[in-house]
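K.L.:
query01.pdb is reproduced in full below (PDB, C-alpha atoms).
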MODEL        1
ATOM      1  CA  THR Z   4     102.508  97.614  66.339
ATOM      2  CA  SER Z   5     104.626  94.562  66.996
ATOM      3  CA  SER Z   6     103.444  91.001  67.321
ATOM      4  CA  SER Z   7     104.971  87.707  68.352
ATOM      5  CA  THR Z   8     104.079  84.073  68.066
ATOM      6  CA  VAL Z   9     105.110  81.183  70.264
ATOM      7  CA  THR Z  10     106.417  78.127  68.502
ATOM      8  CA  THR Z  11     107.584  74.728  69.743
ATOM      9  CA  SER Z  12     109.731  73.961  66.727
ATOM     10  CA  SER Z  13     112.988  74.508  68.577
ATOM     11  CA  PRO Z  14     115.396  71.541  68.679
ATOM     12  CA  THR Z  15     114.738  71.025  72.390
ATOM     13  CA  GLY Z  16     110.952  71.181  72.105
ATOM     14  CA  VAL Z  17     110.900  74.101  74.534
ATOM     15  CA  PRO Z  18     108.659  76.984  73.414
ATOM     16  CA  THR Z  19     110.625  79.922  72.085
ATOM     17  CA  LEU Z  20     109.536  83.449  71.245
ATOM     18  CA  ASN Z  21     109.610  84.057  67.519
ATOM     19  CA  PRO Z  22     109.286  87.764  66.636
ATOM     20  CA  THR Z  23     107.243  88.364  63.501
ATOM     21  CA  ASP Z  24     107.851  92.100  63.171
ATOM     22  CA  GLY Z  25     109.088  95.050  65.171
ATOM     23  CA  PRO Z  26     110.951  95.155  68.470
ATOM     24  CA  THR Z  27     110.223  92.589  71.164
ATOM     25  CA  LYS Z  28     110.772  92.764  74.903
ATOM     26  CA  LYS Z  29     112.987  90.252  76.604
ATOM     27  CA  PRO Z  30     110.770  88.149  78.886
ATOM     28  CA  LEU Z  31     111.079  88.822  82.609
ATOM     29  CA  LEU Z  32     112.405  85.900  84.623
ATOM     30  CA  PHE Z  33     111.287  86.168  88.225
ATOM     31  CA  CYS Z  34     109.964  84.086  91.087
ATOM     32  CA  GLU Z  35     106.909  84.981  93.161
ATOM     33  CA  VAL Z  36     108.291  84.190  96.620
ATOM     34  CA  GLY Z  37     105.040  84.905  98.440
ATOM     35  CA  ARG Z  38     103.307  86.887 101.157
ATOM     36  CA  ASP Z  39     104.707  85.065 104.180
ATOM     37  CA  ILE Z  40     108.381  85.946 103.669
ATOM     38  CA  GLU Z  41     110.119  88.800 105.466
ATOM     39  CA  CYS Z  42     113.418  90.373 104.471
ATOM     40  CA  ARG Z  43     114.714  92.291 107.478
ATOM     41  CA  GLY Z  44     117.536  94.654 106.798
ATOM     42  CA  CYS Z  45     118.732  96.870 103.988
ATOM     43  CA  GLN Z  46     116.096  98.267 101.620
ATOM     44  CA  LYS Z  47     116.317 100.752  98.778
ATOM     45  CA  ASN Z  48     113.041 102.643  98.957
ATOM     46  CA  HIS Z  49     112.477 104.341  95.602
ATOM     47  CA  TYR Z  50     109.332 106.138  96.779
ATOM     48  CA  ALA Z  51     111.210 107.796  99.675
ATOM     49  CA  GLY Z  52     114.452 108.264  97.733
ATOM     50  CA  LYS Z  53     116.744 106.687 100.307
ATOM     51  CA  TYR Z  54     118.264 103.503 101.603
ATOM     52  CA  ASN Z  55     116.869 102.315 104.946
ATOM     53  CA  TYR Z  56     118.515  99.976 107.490
ATOM     54  CA  CYS Z  57     121.696  99.688 105.379
ATOM     55  CA  ASP Z  58     124.307  99.957 108.102
ATOM     56  CA  LYS Z  59     126.738  97.495 109.654
ATOM     57  CA  SER Z  60     124.354  96.502 112.491
ATOM     58  CA  ASN Z  61     122.755  93.672 110.478
ATOM     59  CA  PRO Z  62     125.085  90.899 109.242
ATOM     60  CA  VAL Z  63     122.709  89.907 106.388
ATOM     61  CA  ASN Z  64     122.887  93.370 104.758
ATOM     62  CA  ASN Z  65     124.477  93.356 101.304
ATOM     63  CA  LYS Z  66     124.971  97.152 101.561
ATOM     64  CA  LYS Z  67     126.441  98.470 104.801
ATOM     65  CA  ASP Z  68     127.783 101.954 104.008
ATOM     66  CA  CYS Z  69     124.657 103.978 104.834
ATOM     67  CA  GLU Z  70     123.085 104.988 108.100
ATOM     68  CA  TRP Z  71     119.938 103.499 109.625
ATOM     69  CA  VAL Z  72     117.827 105.935 107.537
ATOM     70  CA  GLY Z  73     119.547 107.557 104.563
ATOM     71  CA  GLY Z  74     123.072 108.776 105.073
ATOM     72  CA  PRO Z  75     125.907 110.341 103.114
ATOM     73  CA  GLY Z  76     126.832 109.963  99.464
ATOM     74  CA  ASP Z  77     124.609 107.711  97.366
ATOM     75  CA  CYS Z  78     122.416 106.781 100.368
ATOM     76  CA  LYS Z  79     119.852 109.381  99.219
ATOM     77  CA  PHE Z  80     118.706 109.813  95.625
ATOM     78  CA  PRO Z  81     115.807 111.379  93.680
ATOM     79  CA  ALA Z  82     112.513 109.737  94.670
ATOM     80  CA  LYS Z  83     110.422 107.896  92.064
ATOM     81  CA  ARG Z  84     106.705 108.218  92.824
ATOM     82  CA  SER Z  85     105.491 105.821  90.152
ATOM     83  CA  VAL Z  86     107.412 102.637  89.344
ATOM     84  CA  SER Z  87     105.942  99.829  87.237
ATOM     85  CA  PHE Z  88     106.567  96.165  87.981
ATOM     86  CA  GLU Z  89     108.865  95.891  84.956
ATOM     87  CA  GLU Z  90     110.899  98.920  86.038
ATOM     88  CA  CYS Z  91     111.160  97.638  89.622
ATOM     89  CA  TYR Z  92     112.373  94.282  88.280
ATOM     90  CA  SER Z  93     114.995  96.073  86.160
ATOM     91  CA  LEU Z  94     116.071  98.260  89.093
ATOM     92  CA  CYS Z  95     116.640  95.137  91.188
ATOM     93  CA  GLN Z  96     118.627  93.518  88.375
ATOM     94  CA  ALA Z  97     120.831  96.620  88.139
ATOM     95  CA  GLU Z  98     121.305  97.095  91.906
ATOM     96  CA  ASP Z  99     124.348  95.401  93.390
ATOM     97  CA  GLY Z 100     123.227  93.031  96.154
ATOM     98  CA  CYS Z 101     119.485  93.092  95.365
ATOM     99  CA  THR Z 102     117.974  89.693  96.148
ATOM    100  CA  HIS Z 103     114.238  90.506  96.320
ATOM    101  CA  PHE Z 104     111.808  93.287  95.436
ATOM    102  CA  VAL Z 105     108.287  94.455  96.218
ATOM    103  CA  ASN Z 106     106.151  96.488  93.822
ATOM    104  CA  ASN Z 107     102.541  97.543  94.178
ATOM    105  CA  GLY Z 108     102.264  99.552  90.971
ATOM    106  CA  TRP Z 109     103.491 102.881  92.361
ATOM    107  CA  SER Z 110     106.210 102.010  94.865
ATOM    108  CA  CYS Z 111     109.332  99.899  94.508
ATOM    109  CA  ASN Z 112     111.362  98.554  97.424
ATOM    110  CA  LEU Z 113     114.525  96.614  96.727
ATOM    111  CA  HIS Z 114     115.772  94.235  99.405
ATOM    112  CA  LEU Z 115     119.562  94.043  99.685
ATOM    113  CA  VAL Z 116     119.942  91.189 102.154
ATOM    114  CA  SER Z 117     121.484  87.737 101.927
ATOM    115  CA  THR Z 118     118.597  85.933 103.671
ATOM    116  CA  CYS Z 119     114.854  86.283 104.142
ATOM    117  CA  THR Z 120     112.751  84.230 106.536
ATOM    118  CA  GLN Z 121     109.291  82.712 106.532
ATOM    119  CA  VAL Z 122     106.818  84.256 108.966
ATOM    120  CA  ASN Z 123     103.518  82.958 110.316
ATOM    121  CA  GLN Z 124     101.542  86.125 109.605
ATOM    122  CA  PRO Z 125     101.288  87.091 105.896
ATOM    123  CA  TYR Z 126     101.626  90.791 105.050
ATOM    124  CA  GLY Z 127      98.249  91.320 103.392
ATOM    125  CA  SER Z 128      98.619  92.049  99.698
ATOM    126  CA  VAL Z 129     102.402  92.566  99.686
ATOM    127  CA  ILE Z 130     104.036  89.960  97.446
ATOM    128  CA  LEU Z 131     107.795  89.474  97.537
ATOM    129  CA  TYR Z 132     109.554  88.666  94.239
ATOM    130  CA  SER Z 133     113.019  87.462  93.421
ATOM    131  CA  PRO Z 134     114.718  88.042  90.057
ATOM    132  CA  GLY Z 135     115.585  84.775  88.335
ATOM    133  CA  SER Z 136     113.972  81.376  88.453
ATOM    134  CA  CYS Z 137     112.521  79.712  91.539
TER     135      CYS Z 137
ENDMDL
END
Please rewrite the model in this file as structure tokens.

P.N.:
Amino acid sequence: TSSSTVTTSSPTGVPTLNPTDGPTKKPLLFCEVGRDIECRGCQKNHYAGKYNYCDKSNPVNNKKDCEWVGGPGDCKFPAKRSVSFEECYSLCQAEDGCTHFVNNGWSCNLHLVSTCTQVNQPYGSVILYSPGSC
């Protein structure tokens, strides 16, 4: 097993992770954007194994070389039926143009759009996240 302790003895006084033995995971840096934000446009749906809405019709799309649903080339890929939060975070980090992601423990949708907007009606339990700090 591995263990870690948090210490505040760094020169800046900011807590740092001090591994005591074994491998440690790099902490995830993400922002919980909320339930009342909507990202319309390009999505990489890992559960379905395809990009959706990633064509040139929406100017906020960061990926525009697919069709409305799927398309040629890399627009379809092997589906992943179980994706953890950590894996979804990493997939967003690795995906060119990914600005936000949604994960509910089994599905991972990456949002590849330049802007998202606030809406009046929250989407139930769906929480939108953004990699990086708030």

K.L.:
For Z:Lys67, which of Z:Tyr132, Z:Tyr54, Z:Phe80, Z:Tyr92 is the closest residue, counting only C-alpha atoms?

P.N.:
Z:Tyr54

K.L.:
Could you state which residues are captured by the PyMOL selection byres ((chain Z and resi 78) around 9) in this file, as an mmCIF file with C-alpha atoms, keeping the file's coordinate frame?

P.N.:
data_model
loop_
_atom_site.group_PDB
_atom_site.id
_atom_site.type_symbol
_atom_site.label_atom_id
_atom_site.label_comp_id
_atom_site.auth_asym_id
_atom_site.auth_seq_id
_atom_site.Cartn_x
_atom_site.Cartn_y
_atom_site.Cartn_z
ATOM 1 C CA LYS Z 47 116.317 100.752 98.778
ATOM 2 C CA GLY Z 52 114.452 108.264 97.733
ATOM 3 C CA LYS Z 53 116.744 106.687 100.307
ATOM 4 C CA TYR Z 54 118.264 103.503 101.603
ATOM 5 C CA ASN Z 55 116.869 102.315 104.946
ATOM 6 C CA CYS Z 57 121.696 99.688 105.379
ATOM 7 C CA ASP Z 68 127.783 101.954 104.008
ATOM 8 C CA CYS Z 69 124.657 103.978 104.834
ATOM 9 C CA GLU Z 70 123.085 104.988 108.100
ATOM 10 C CA VAL Z 72 117.827 105.935 107.537
ATOM 11 C CA GLY Z 73 119.547 107.557 104.563
ATOM 12 C CA GLY Z 74 123.072 108.776 105.073
ATOM 13 C CA PRO Z 75 125.907 110.341 103.114
ATOM 14 C CA GLY Z 76 126.832 109.963 99.464
ATOM 15 C CA ASP Z 77 124.609 107.711 97.366
ATOM 16 C CA LYS Z 79 119.852 109.381 99.219
ATOM 17 C CA PHE Z 80 118.706 109.813 95.625
#

K.L.:
Selected by the PyMOL selection byres ((chain Z and resi 121) around 6) in the shown coordinates: which residues, as a list in words?

P.N.:
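With the shown file as input, the PyMOL selection byres ((chain Z and resi 121) around 6) matches Asp39, Ile40, Thr120 and Val122 of chain Z.
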
K.L.:
Where does the PyMOL selection byres ((chain Z and resi 101) around 12) land in this file, that is, which residues does it pick, as JSON, numbers by chain?

P.N.:
{"Z": [42, 44, 45, 46, 47, 63, 64, 65, 66, 91, 92, 93, 94, 95, 96, 97, 98, 99, 100, 102, 103, 104, 105, 112, 113, 114, 115, 116, 117, 118, 132, 133, 134, 135]}

K.L.:
In terms of the shortest atom-to-atom distance over only C-alpha atoms, which of Z:Leu31, Z:Ala82, Z:Ile130, Z:Val36 is closest to Z:His49?

P.N.:
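Checking each of Z:Leu31, Z:Ala82, Z:Ile130, Z:Val36 against Z:His49, counting only C-alpha atoms, the winner is Z:Ala82.
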
K.L.:
Can you tell me how far atom CA of Z:Arg38 sits from atom CA of Z:Ala51, in Å to one decimal?

P.N.:
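Atom-to-atom, atom CA of Z:Arg38 to atom CA of Z:Ala51, that is 22.4 Å.
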
K.L.:
Taking the point (104.2, 97.9, 94.8) as given in the file, collect each protein or nucleic acid residue that comes within 10 Å of it, counting only C-alpha atoms, and present the set as number ranges by chain.

P.N.:
Z: 50, 85-88, 91, 104-112, 128-131

K.L.:
Draw an axis-aligned box over all listed atoms of stretch 37-48 of chain Z, pad each side with 3 Å, and write its centre and edge lengths in Å, one decimal, as JSON.

P.N.:
{"center_x": 111.0, "center_y": 93.8, "center_z": 103.0, "size_x": 21.4, "size_y": 23.7, "size_z": 15.0}
